[in-house]
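As provided, start_11.cif (mmCIF, C-alpha atoms) reads as follows.
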```
data_query
loop_
_atom_site.label_atom_id
_atom_site.label_comp_id
_atom_site.auth_asym_id
_atom_site.auth_seq_id
_atom_site.Cartn_x
_atom_site.Cartn_y
_atom_site.Cartn_z
CA MET A 1 4.09 45.41 -26.81
CA SER A 2 3.29 46.36 -23.22
CA ALA A 3 4.52 43.21 -21.53
CA CYS A 4 6.54 40.03 -21.98
CA VAL A 5 5.70 37.03 -19.78
CA ILE A 6 8.51 34.49 -19.43
CA GLY A 7 7.24 30.96 -18.76
CA ALA A 8 3.96 29.17 -19.50
CA GLY A 9 3.62 27.01 -16.42
CA LEU A 10 0.98 27.63 -13.78
CA SER A 11 2.40 31.04 -12.81
CA GLY A 12 2.95 32.23 -16.38
CA LEU A 13 -0.55 31.21 -17.43
CA ALA A 14 -2.02 33.03 -14.42
CA ALA A 15 -0.11 36.19 -15.37
CA ALA A 16 -1.12 35.89 -19.03
CA HIS A 17 -4.78 35.41 -18.08
CA ALA A 18 -4.76 38.49 -15.85
CA LEU A 19 -3.13 40.63 -18.55
CA ARG A 20 -5.51 39.46 -21.27
CA ALA A 21 -8.53 40.08 -19.04
CA ARG A 22 -7.49 43.75 -18.86
CA GLY A 23 -6.87 44.00 -22.58
CA ILE A 24 -3.12 44.48 -22.13
CA ASP A 25 -0.98 43.59 -25.15
CA PHE A 26 1.60 40.89 -24.29
CA VAL A 27 3.52 37.88 -25.50
CA CYS A 28 4.38 34.78 -23.43
CA LEU A 29 7.66 33.00 -24.20
CA GLU A 30 8.07 29.34 -23.22
CA GLN A 31 11.16 27.25 -24.01
CA ALA A 32 9.34 23.89 -23.78
CA PRO A 33 7.27 22.36 -26.61
CA GLU A 34 4.01 22.77 -24.63
CA VAL A 35 2.51 24.75 -21.77
CA GLY A 36 2.34 23.31 -18.26
CA GLY A 37 5.80 23.74 -16.75
CA ILE A 38 7.04 20.87 -14.60
CA TRP A 39 3.78 18.94 -14.89
CA ARG A 40 4.14 18.14 -18.59
CA ARG A 41 7.75 16.98 -18.63
CA PRO A 42 7.45 13.23 -18.03
CA GLY A 43 5.13 12.73 -20.98
CA ALA A 44 7.49 14.65 -23.23
CA GLY A 45 10.52 12.68 -22.10
CA GLU A 46 12.32 15.77 -20.85
CA PRO A 47 14.34 15.96 -17.63
CA GLY A 48 12.52 17.75 -14.87
CA PRO A 49 11.13 17.41 -11.37
CA ALA A 50 7.88 15.84 -12.52
CA TYR A 51 8.59 12.11 -12.12
CA GLN A 52 6.02 9.55 -13.18
CA ALA A 53 4.74 8.91 -9.66
CA LEU A 54 4.09 12.59 -8.99
CA HIS A 55 0.65 13.57 -7.72
CA LEU A 56 -0.61 16.79 -6.22
CA ASN A 57 -0.02 17.17 -2.51
CA ASN A 58 -2.74 19.83 -2.38
CA ALA A 59 -6.45 19.43 -2.98
CA LYS A 60 -7.58 20.06 -6.55
CA GLU A 61 -10.09 22.69 -5.35
CA LEU A 62 -7.20 24.91 -4.27
CA THR A 63 -4.86 24.04 -7.14
CA GLY A 64 -7.21 24.82 -10.02
CA PHE A 65 -7.70 28.42 -11.17
CA ALA A 66 -10.67 30.21 -9.60
CA ASP A 67 -12.22 30.96 -13.01
CA PHE A 68 -11.65 27.45 -14.34
CA PRO A 69 -12.14 24.74 -11.68
CA MET A 70 -10.78 21.26 -12.17
CA SER A 71 -13.20 18.58 -13.30
CA GLU A 72 -15.26 16.84 -10.63
CA GLU A 73 -14.23 13.58 -12.27
CA LEU A 74 -10.61 14.04 -11.19
CA PRO A 75 -9.48 12.59 -7.85
CA LEU A 76 -8.79 14.90 -4.94
CA TYR A 77 -5.04 14.61 -5.63
CA PRO A 78 -4.65 14.33 -9.42
CA ARG A 79 -1.66 12.77 -11.15
CA HIS A 80 0.91 14.87 -13.03
CA ASP A 81 -0.57 14.16 -16.47
CA HIS A 82 -4.00 15.26 -15.24
CA ILE A 83 -2.48 18.60 -14.23
CA ALA A 84 -0.67 18.92 -17.56
CA ALA A 85 -3.92 18.33 -19.46
CA TYR A 86 -5.76 20.76 -17.18
CA LEU A 87 -3.22 23.52 -17.84
CA ARG A 88 -3.45 22.92 -21.60
CA ASP A 89 -7.23 23.16 -21.37
CA PHE A 90 -6.96 26.36 -19.34
CA ALA A 91 -4.71 27.97 -21.95
CA GLU A 92 -7.30 27.15 -24.63
CA TRP A 93 -10.28 28.27 -22.53
CA ALA A 94 -8.63 31.56 -21.56
CA GLY A 95 -7.68 32.36 -25.16
CA LEU A 96 -3.98 32.44 -24.36
CA ARG A 97 -2.68 30.24 -27.19
CA PRO A 98 -2.28 33.07 -29.75
CA HIS A 99 -0.09 34.95 -27.23
CA ILE A 100 2.25 32.01 -26.43
CA GLU A 101 5.42 31.25 -28.38
CA LEU A 102 6.59 27.72 -27.60
CA ARG A 103 10.13 26.35 -28.04
CA THR A 104 11.44 29.86 -27.42
CA GLU A 105 14.29 30.35 -24.96
CA VAL A 106 14.89 33.76 -23.40
CA LEU A 107 18.58 34.62 -23.57
CA SER A 108 18.68 38.10 -22.05
CA VAL A 109 16.47 40.77 -20.51
CA ARG A 110 18.02 44.24 -20.29
CA ARG A 111 16.70 47.69 -19.45
CA GLY A 112 17.60 50.44 -21.89
CA PRO A 113 18.27 54.17 -21.30
CA ASP A 114 14.63 54.94 -22.15
CA GLY A 115 13.41 52.66 -19.33
CA ARG A 116 12.03 50.00 -21.69
CA TRP A 117 13.14 46.38 -21.67
CA THR A 118 14.88 44.58 -24.52
CA VAL A 119 14.27 40.82 -24.60
CA VAL A 120 16.43 38.59 -26.79
CA SER A 121 15.08 35.10 -27.46
CA ARG A 122 15.99 32.10 -29.61
CA ASP A 123 13.58 29.63 -31.18
CA ASP A 124 14.19 25.93 -31.84
CA ARG A 125 15.58 26.73 -35.30
CA GLY A 126 18.24 28.94 -33.73
CA THR A 127 16.67 32.19 -34.94
CA LEU A 128 17.33 35.15 -32.64
CA THR A 129 14.58 37.70 -32.03
CA THR A 130 14.97 41.05 -30.28
CA ARG A 131 11.88 42.84 -28.94
CA THR A 132 11.20 45.78 -26.67
CA PHE A 133 8.58 45.91 -23.87
CA ASP A 134 7.41 48.30 -21.18
CA GLN A 135 7.30 45.54 -18.56
CA VAL A 136 8.73 42.03 -18.17
CA VAL A 137 7.04 39.43 -15.98
CA VAL A 138 9.30 36.53 -15.00
CA ALA A 139 7.25 33.41 -14.21
CA SER A 140 9.76 30.66 -14.95
CA GLY A 141 9.50 28.89 -11.60
CA HIS A 142 11.71 27.73 -8.72
CA HIS A 143 13.15 24.59 -10.28
CA SER A 144 16.00 26.19 -12.18
CA GLU A 145 19.33 24.72 -11.11
CA PRO A 146 19.65 21.33 -9.36
CA ALA A 147 21.33 21.64 -5.95
CA LEU A 148 23.87 18.91 -5.18
CA PRO A 149 25.98 18.50 -2.02
CA SER A 150 28.90 20.93 -2.07
CA PRO A 151 31.43 19.71 -1.34
CA PRO A 152 30.41 16.13 -2.23
CA PRO A 153 30.91 13.41 0.39
CA PRO A 154 34.51 12.22 0.83
CA GLY A 155 35.25 9.44 -1.62
CA ALA A 156 32.51 10.52 -4.04
CA GLU A 157 34.88 10.14 -6.98
CA SER A 158 35.29 6.43 -6.15
CA PHE A 159 31.58 5.61 -6.23
CA ALA A 160 31.09 3.17 -9.09
CA GLY A 161 27.31 3.38 -9.32
CA THR A 162 24.86 5.85 -10.82
CA VAL A 163 24.54 9.31 -9.25
CA LEU A 164 21.61 11.51 -10.22
CA HIS A 165 19.49 14.40 -8.99
CA SER A 166 15.73 14.15 -8.59
CA THR A 167 15.38 16.24 -11.75
CA ASP A 168 16.82 13.27 -13.69
CA TYR A 169 14.61 10.68 -11.98
CA LEU A 170 11.63 9.44 -13.96
CA ASP A 171 10.41 6.00 -12.93
CA GLY A 172 11.18 3.49 -10.16
CA ARG A 173 11.05 0.66 -12.69
CA ASP A 174 14.32 1.96 -14.11
CA PHE A 175 15.98 0.71 -10.88
CA ALA A 176 14.40 -2.75 -10.68
CA GLY A 177 16.60 -5.08 -8.64
CA GLN A 178 19.07 -2.34 -7.67
CA ARG A 179 20.17 -1.06 -4.28
CA VAL A 180 19.38 2.65 -4.09
CA VAL A 181 20.11 5.40 -1.56
CA VAL A 182 17.79 8.41 -1.67
CA VAL A 183 19.18 11.55 -0.04
CA GLY A 184 16.81 14.15 1.42
CA PHE A 185 13.53 14.45 3.28
CA GLY A 186 11.52 16.90 1.20
CA ALA A 187 8.52 16.08 -0.96
CA SER A 188 10.56 14.67 -3.85
CA ALA A 189 12.71 12.51 -1.56
CA VAL A 190 9.80 10.78 0.18
CA ASP A 191 7.86 10.36 -3.08
CA ILE A 192 10.84 8.89 -4.90
CA ALA A 193 11.81 6.61 -1.99
CA ALA A 194 8.25 5.25 -1.84
CA ASP A 195 8.19 4.75 -5.60
CA LEU A 196 11.59 3.03 -5.66
CA SER A 197 10.63 0.73 -2.80
CA ARG A 198 8.16 -1.06 -5.09
CA HIS A 199 10.86 -1.94 -7.63
CA ALA A 200 14.35 -1.75 -6.12
CA GLU A 201 16.00 -4.60 -4.25
CA ARG A 202 16.61 -2.23 -1.34
CA THR A 203 15.71 1.43 -0.76
CA VAL A 204 17.54 3.51 1.83
CA LEU A 205 16.42 7.03 2.79
CA SER A 206 19.31 9.17 4.08
CA VAL A 207 18.03 12.09 6.19
CA ARG A 208 20.40 14.76 7.47
CA ARG A 209 17.89 16.98 9.30
CA GLY A 210 14.45 16.28 10.66
CA LEU A 211 11.46 18.06 9.13
CA HIS A 212 7.84 18.01 10.15
CA LEU A 213 6.11 15.25 8.17
CA VAL A 214 2.45 15.98 7.56
CA PRO A 215 -0.07 13.54 6.03
CA LYS A 216 -2.20 14.81 3.18
CA GLN A 217 -5.28 14.52 5.35
CA LEU A 218 -6.10 15.10 9.01
CA PHE A 219 -9.52 14.46 10.53
CA GLY A 220 -10.66 13.30 7.08
CA MET A 221 -9.88 16.70 5.53
CA SER A 222 -7.12 17.69 3.15
CA VAL A 223 -4.60 19.63 5.24
CA ASP A 224 -4.55 22.57 2.84
CA LEU A 225 -8.33 22.86 3.13
CA ILE A 226 -7.84 23.04 6.90
CA ALA A 227 -5.23 25.78 6.37
CA GLU A 228 -7.78 27.73 4.28
CA ALA A 229 -10.60 27.38 6.83
CA PRO A 230 -11.64 30.67 8.50
CA TRP A 231 -11.54 29.09 11.97
CA PHE A 232 -7.91 28.05 11.42
CA GLY A 233 -6.92 31.44 10.05
CA ALA A 234 -8.47 33.13 13.07
CA MET A 235 -5.99 31.39 15.37
CA SER A 236 -2.72 32.97 16.41
CA LEU A 237 0.50 31.39 15.13
CA GLU A 238 1.06 29.75 18.51
CA GLU A 239 -2.48 28.33 18.55
CA ARG A 240 -2.07 26.95 15.03
CA ARG A 241 1.23 25.36 16.01
CA ARG A 242 -0.24 23.66 19.08
CA PHE A 243 -3.25 22.44 17.11
CA ILE A 244 -1.21 20.88 14.29
CA GLU A 245 1.51 19.45 16.55
CA GLN A 246 -1.08 17.69 18.68
CA ALA A 247 -2.92 16.43 15.60
CA LEU A 248 0.33 15.04 14.18
CA LEU A 249 1.17 13.31 17.43
CA VAL A 250 -2.22 11.57 17.35
CA ALA A 251 -2.07 10.78 13.62
CA ARG A 252 1.43 9.34 13.36
CA GLY A 253 3.22 9.48 16.71
CA LYS A 254 6.87 10.54 16.95
CA LEU A 255 9.09 10.44 13.89
CA SER A 256 11.86 8.92 16.01
CA ASP A 257 9.63 5.84 16.38
CA TYR A 258 10.17 5.27 12.65
CA GLY A 259 13.95 5.72 12.82
CA LEU A 260 13.77 9.29 11.53
CA PRO A 261 15.30 12.36 13.19
CA GLU A 262 12.93 14.61 15.12
CA PRO A 263 12.67 18.19 13.81
CA ASP A 264 14.87 20.68 15.66
CA HIS A 265 12.27 23.44 15.22
CA ARG A 266 8.58 24.13 15.77
CA ILE A 267 6.17 23.55 12.92
CA PHE A 268 5.74 26.56 10.58
CA SER A 269 9.37 27.52 11.26
CA SER A 270 10.57 25.71 8.15
CA ALA A 271 9.13 23.93 5.15
CA VAL A 272 7.05 20.84 5.92
CA THR A 273 7.06 17.56 4.03
CA ILE A 274 3.70 16.15 2.97
CA SER A 275 3.32 12.41 2.47
CA ASP A 276 0.78 9.69 3.13
CA GLU A 277 3.13 6.90 2.06
CA ILE A 278 6.63 7.12 3.43
CA LEU A 279 5.90 6.15 7.05
CA SER A 280 3.88 3.16 5.88
CA ARG A 281 6.72 2.05 3.58
CA ILE A 282 9.16 2.34 6.48
CA ARG A 283 6.90 0.34 8.78
CA HIS A 284 6.53 -2.33 6.10
CA GLY A 285 10.31 -2.63 5.84
CA ALA A 286 10.34 -1.38 2.25
CA VAL A 287 12.35 1.76 3.07
CA LEU A 288 15.26 1.81 5.51
CA PRO A 289 15.95 5.19 7.20
CA LYS A 290 19.57 6.22 7.71
CA PRO A 291 21.29 9.44 8.82
CA ALA A 292 23.41 11.68 6.57
CA ILE A 293 26.03 10.16 4.26
CA ASP A 294 29.49 10.36 5.83
CA SER A 295 31.59 9.00 2.94
CA LEU A 296 31.63 6.82 -0.15
CA ASP A 297 34.06 4.02 -1.00
CA GLY A 298 33.43 2.15 -4.23
CA ASP A 299 29.91 0.78 -3.92
CA LEU A 300 29.92 1.26 -0.12
CA VAL A 301 27.92 4.15 1.39
CA ARG A 302 28.86 4.98 4.99
CA PHE A 303 26.52 6.97 7.21
CA ALA A 304 27.07 9.33 10.14
CA ASP A 305 26.09 6.66 12.68
CA GLY A 306 28.88 4.35 11.48
CA SER A 307 26.60 1.97 9.57
CA SER A 308 27.01 1.28 5.86
CA VAL A 309 25.22 -0.27 2.88
CA GLU A 310 26.20 -1.30 -0.62
CA ALA A 311 24.52 0.75 -3.33
CA ASP A 312 24.14 0.71 -7.10
CA ALA A 313 22.69 4.22 -7.29
CA ILE A 314 22.32 7.42 -5.27
CA VAL A 315 19.44 9.83 -5.95
CA TYR A 316 20.02 13.30 -4.50
CA CYS A 317 16.67 14.92 -3.71
CA THR A 318 18.38 18.02 -2.40
CA GLY A 319 16.31 20.72 -4.04
CA PHE A 320 17.10 23.51 -6.45
CA HIS A 321 18.81 26.87 -6.55
CA MET A 322 16.79 29.74 -7.96
CA ALA A 323 18.61 30.91 -11.08
CA PHE A 324 17.56 33.56 -13.59
CA PRO A 325 20.59 33.88 -15.86
CA PHE A 326 18.77 36.07 -18.38
CA VAL A 327 17.96 38.93 -15.96
CA PRO A 328 20.33 41.74 -14.91
CA GLY A 329 22.96 40.88 -12.30
CA GLY A 330 21.96 41.43 -8.69
CA CYS A 331 18.31 40.59 -9.33
CA PRO A 332 16.25 39.14 -7.76
CA ALA A 333 19.07 38.40 -5.27
CA PRO A 334 22.27 40.42 -4.75
CA ALA A 335 24.34 37.30 -5.51
CA PRO A 336 23.71 33.63 -6.41
CA ARG A 337 22.24 31.56 -3.56
CA GLN A 338 21.50 34.69 -1.51
CA PRO A 339 18.08 35.71 -0.13
CA ILE A 340 15.62 36.98 -2.75
CA GLU A 341 14.96 40.72 -2.46
CA LEU A 342 11.61 41.68 -4.00
CA TYR A 343 9.00 44.21 -2.91
CA ARG A 344 5.78 42.33 -2.06
CA ARG A 345 7.76 39.28 -3.31
CA ILE A 346 7.12 40.61 -6.84
CA VAL A 347 8.96 43.82 -7.74
CA ALA A 348 12.67 44.43 -8.24
CA PRO A 349 13.00 47.91 -6.71
CA ASP A 350 16.15 48.87 -8.61
CA GLN A 351 14.88 47.53 -11.94
CA PRO A 352 11.62 49.38 -12.75
CA GLY A 353 9.38 47.28 -14.94
CA LEU A 354 10.81 43.90 -13.90
CA LEU A 355 8.28 41.79 -11.97
CA PHE A 356 8.22 38.19 -10.73
CA VAL A 357 5.20 35.88 -10.35
CA GLY A 358 5.29 32.56 -8.50
CA LEU A 359 8.59 33.13 -6.70
CA ILE A 360 7.01 32.28 -3.34
CA ARG A 361 6.77 29.24 -1.09
CA PRO A 362 3.62 28.85 1.02
CA VAL A 363 2.67 26.04 3.38
CA GLY A 364 -0.23 24.90 1.21
CA ALA A 365 -1.46 25.39 -2.34
CA ILE A 366 0.24 28.14 -4.32
CA THR A 367 -2.45 28.81 -6.95
CA ARG A 368 -4.56 31.37 -5.06
CA LEU A 369 -1.41 33.31 -4.21
CA VAL A 370 -0.16 33.22 -7.80
CA GLU A 371 -3.55 34.42 -9.05
CA ALA A 372 -3.46 37.29 -6.56
CA GLN A 373 0.08 38.16 -7.66
CA ALA A 374 -1.02 38.06 -11.31
CA GLN A 375 -3.94 40.42 -10.64
CA TRP A 376 -1.63 42.77 -8.73
CA VAL A 377 0.91 42.70 -11.57
CA ALA A 378 -1.80 43.37 -14.17
CA ARG A 379 -2.84 46.45 -12.19
CA VAL A 380 0.77 47.66 -12.19
CA VAL A 381 1.26 46.98 -15.91
CA GLY A 382 -2.09 48.58 -16.73
CA GLY A 383 -1.27 51.71 -14.77
CA GLU A 384 -4.00 51.18 -12.14
CA LEU A 385 -1.52 50.74 -9.29
CA GLU A 386 1.38 53.11 -8.71
CA LEU A 387 4.43 51.65 -7.04
CA PRO A 388 6.14 53.51 -4.18
CA SER A 389 9.68 54.84 -4.46
CA ALA A 390 12.63 52.45 -4.52
CA ASP A 391 13.58 53.51 -0.97
CA ILE A 392 10.14 52.64 0.37
CA MET A 393 10.22 49.31 -1.46
CA ARG A 394 13.65 48.48 -0.01
CA LYS A 395 12.36 49.33 3.47
CA GLU A 396 9.48 46.87 3.02
CA ILE A 397 11.90 44.20 1.79
CA ASN A 398 14.18 44.68 4.81
CA GLU A 399 11.26 44.45 7.24
CA TYR A 400 10.02 41.29 5.55
CA LEU A 401 13.46 39.63 5.54
CA ASN A 402 13.98 40.56 9.20
CA GLY A 403 10.73 38.76 10.00
CA VAL A 404 11.83 35.75 7.95
CA ALA A 405 15.18 35.67 9.75
CA ALA A 406 13.49 35.73 13.17
CA ARG A 407 11.07 32.93 12.30
CA TYR A 408 12.95 30.68 9.87
CA GLY A 409 16.55 31.83 9.68
CA LEU A 410 17.51 33.68 6.54
CA SER A 411 18.43 31.71 3.41
CA GLU A 412 17.65 31.58 -0.28
CA GLY A 413 14.70 29.25 0.32
CA SER A 414 13.26 30.89 3.41
CA SER A 415 13.36 34.34 1.78
CA VAL A 416 10.36 33.40 -0.39
CA GLN A 417 8.33 31.78 2.40
CA VAL A 418 4.89 33.37 2.85
CA ASP A 419 1.82 32.81 5.01
CA ILE A 420 -1.24 32.31 2.80
CA GLY A 421 -3.80 34.43 4.65
CA SER A 422 -1.65 37.46 5.44
CA TYR A 423 -0.03 37.51 2.00
CA LEU A 424 -3.39 37.38 0.22
CA ARG A 425 -4.63 40.30 2.33
CA GLU A 426 -1.42 42.20 1.58
CA LEU A 427 -1.98 41.92 -2.19
CA ARG A 428 -5.73 42.43 -2.22
CA GLU A 429 -5.68 45.48 0.01
CA ALA A 430 -2.88 47.24 -1.88
#
```

Full structure transcribed into structure tokens:
Amino acid sequence: MSACVIGAGLSGLAAAHALRARGIDFVCLEQAPEVGGIWRRPGAGEPGPAYQALHLNNAKELTGFADFPMSEELPLYPRHDHIAAYLRDFAEWAGLRPHIELRTEVLSVRRGPDGRWTVVSRDDRGTLTTRTFDQVVVASGHHSEPALPSPPPPGAESFAGTVLHSTDYLDGRDFAGQRVVVVGFGASAVDIAADLSRHAERTVLSVRRGLHLVPKQLFGMSVDLIAEAPWFGAMSLEERRRFIEQALLVARGKLSDYGLPEPDHRIFSSAVTISDEILSRIRHGAVLPKPAIDSLDGDLVRFADGSSVEADAIVYCTGFHMAFPFVPGGCPAPAPRQPIELYRRIVAPDQPGLLFVGLIRPVGAITRLVEAQAQWVARVVGGELELPSADIMRKEINEYLNGVAARYGLSEGSSVQVDIGSYLRELREA
């Protein structure tokens, strides 16, 4: 076959759709029992970042595929099971089902002397299959390896309660009557803290570093629809910063007024956290903000400000490392937890024929970007677009990472940060 797509979540389905539309022969391998990626996991009882309270933070108009809009009957911010059903429906509508092999884990992807790629997979019966492809498209997502504090807080071994990562969290009702500390201030942390606060005896939110907290709507509009508006895109970065910072000040005031740390950076210099609920839960006394954990001692959690609480459970909402154990070493990063190095955030320059879709992090909805990546990849696989030399690709990567370092500071997470408008133009004009 011409191509192997790894993963049948949103990114994998976008890639499969683009390949099929061009008549390119491919197979899509998915280790889960159904398509949908993280969105389908709660219903299947699998561990994963899609907890029961999860809803979209982006408007459905920008999250649905361009060729297959979400139903008008769905709310603006659908629940996780709505998204799972939508992605199943999309796979049927796009005719992708015959190309998808479910319950199939990819074990290795290696390039042979002839330049073709050998993919070894294993199905749920333990049967190994070896196949050869011209191109491999990795679309298995960001949420690969749970990131926990390293080293753990002093005294962690003495903590007598439950310790889990957000990937293991499913439902706040599981913690009814308990005292829970949630660690982090990203999307999962604020969602989980708000969910827990309706069931737990006490919910504490431990925040090490301030991030910009953005409500889902400003001026009655979904914030990602504002980000997509031509008038907003026409502004310079500085103008957009001033506009949003002033709007946030009007909408919610200072974060320090809620007992949260103020960000140490301008907006759009790091990931933002989107939530309509957490500030309200804090103001209602349902969530207690605290600084970083300093140490643990039995059921006692001590914080950096010297205060302490007793806890029955700690939920670390501290993100994920990007891990692709089946691909060749040094790709897509030179070493684990190092910045990702991909041309146009897609191509591994030293591994011809190995492409990545969805390994990006925009401020806003990812779907339009993933669709643009998928179309770009389909042009490469179909021979319509010729890639430059490896040296030219490495030069582009270095220039991009230098820009990331200047704006965000260089890290594994920041190395996949993209601006929606400029990145779309970059792919569409290539």

Output of the PyMOL selection byres ((chain A and resi 156) around 12), listed as an MDAnalysis selection string: chainID A and resid 149:155 157:163 293:302 314

Could you pull the residues within 10 Å of A:Ala21, counting all atoms listed in the file, minus those fewer than 6 positions along the same chain, as a PyMOL selection string? chain A and resi 15+94-95+375+378

Keeping only C-alpha atoms, write the selected residues as a PDB file, in the frame of the given file.
```pdb
ATOM      1  CA  ALA A  15      -0.110  36.190 -15.370  1.00  0.00           C
ATOM      2  CA  ALA A  94      -8.630  31.560 -21.560  1.00  0.00           C
ATOM      3  CA  GLY A  95      -7.680  32.360 -25.160  1.00  0.00           C
ATOM      4  CA  GLN A 375      -3.940  40.420 -10.640  1.00  0.00           C
ATOM      5  CA  ALA A 378      -1.800  43.370 -14.170  1.00  0.00           C
TER       6      ALA A 378
END
```

Identify, on the basis of all atoms listed in the file, every residue whose closest approach to A:Leu213 does not exceed 7 Å; exclude the query and any residue fewer than 3 positions from it along the same chain; express the result as a PyMOL selection string. chain A and resi 272-275

Care to translate the PyMOL selection byres ((chain A and resi 2-14) around 7) into actual residues of this file, as number ranges by chain? A: 1, 15-18, 24-30, 35-37, 91, 133-140, 357-358, 370-371, 374

Given the file above and the PyMOL selection byres ((chain A and resi 286) around 9), which residues are selected, and can you give them as a VMD selection string? chain A and resid 194 197 to 198 202 to 204 280 to 285 287 to 288

How many Å separate atom CA of A:Asp89 from atom CA of A:Leu56? 17.7 Å

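The two atoms in question, atom CA of A:Arg103 and atom CA of A:Tyr169, are spaced 22.9 Å apart.
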
Tell me which of A:Thr318, A:Arg88, A:Ala193, A:Asn398 sits closest to A:Ile100, counting all atoms listed in the file.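 Ranking A:Thr318, A:Arg88, A:Ala193, A:Asn398 by distance to A:Ile100, first place goes to A:Arg88.
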
Mind listing whatever residues come within 12 Å of the point (-7.8, 27.2, -6.1)? Use only C-alpha atoms, file coordinates, and give them as an MDAnalysis selection string. chainID A and resid 10 14 58:70 224:225 228 364:372

When distances are computed from all atoms listed in the file, which of A:Ile226, A:Leu424, A:Val109, A:Ala271 shows the smallest separation from A:Pro328?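 Closest to A:Pro328 of all the choices is A:Val109.
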
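Using all atoms listed in the file, the shortest contact distance between A:His80 and any of A:Ile38, A:Leu218, A:Met393, A:Ile267 is found at A:Ile38.
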
Which residues are close to A:Pro362, i.e. within 6 Å by all atoms listed in the file, leaving aside same-chain residues fewer than 3 positions away? Reply as JSON, numbers by chain. {"A": [417, 418, 419]}
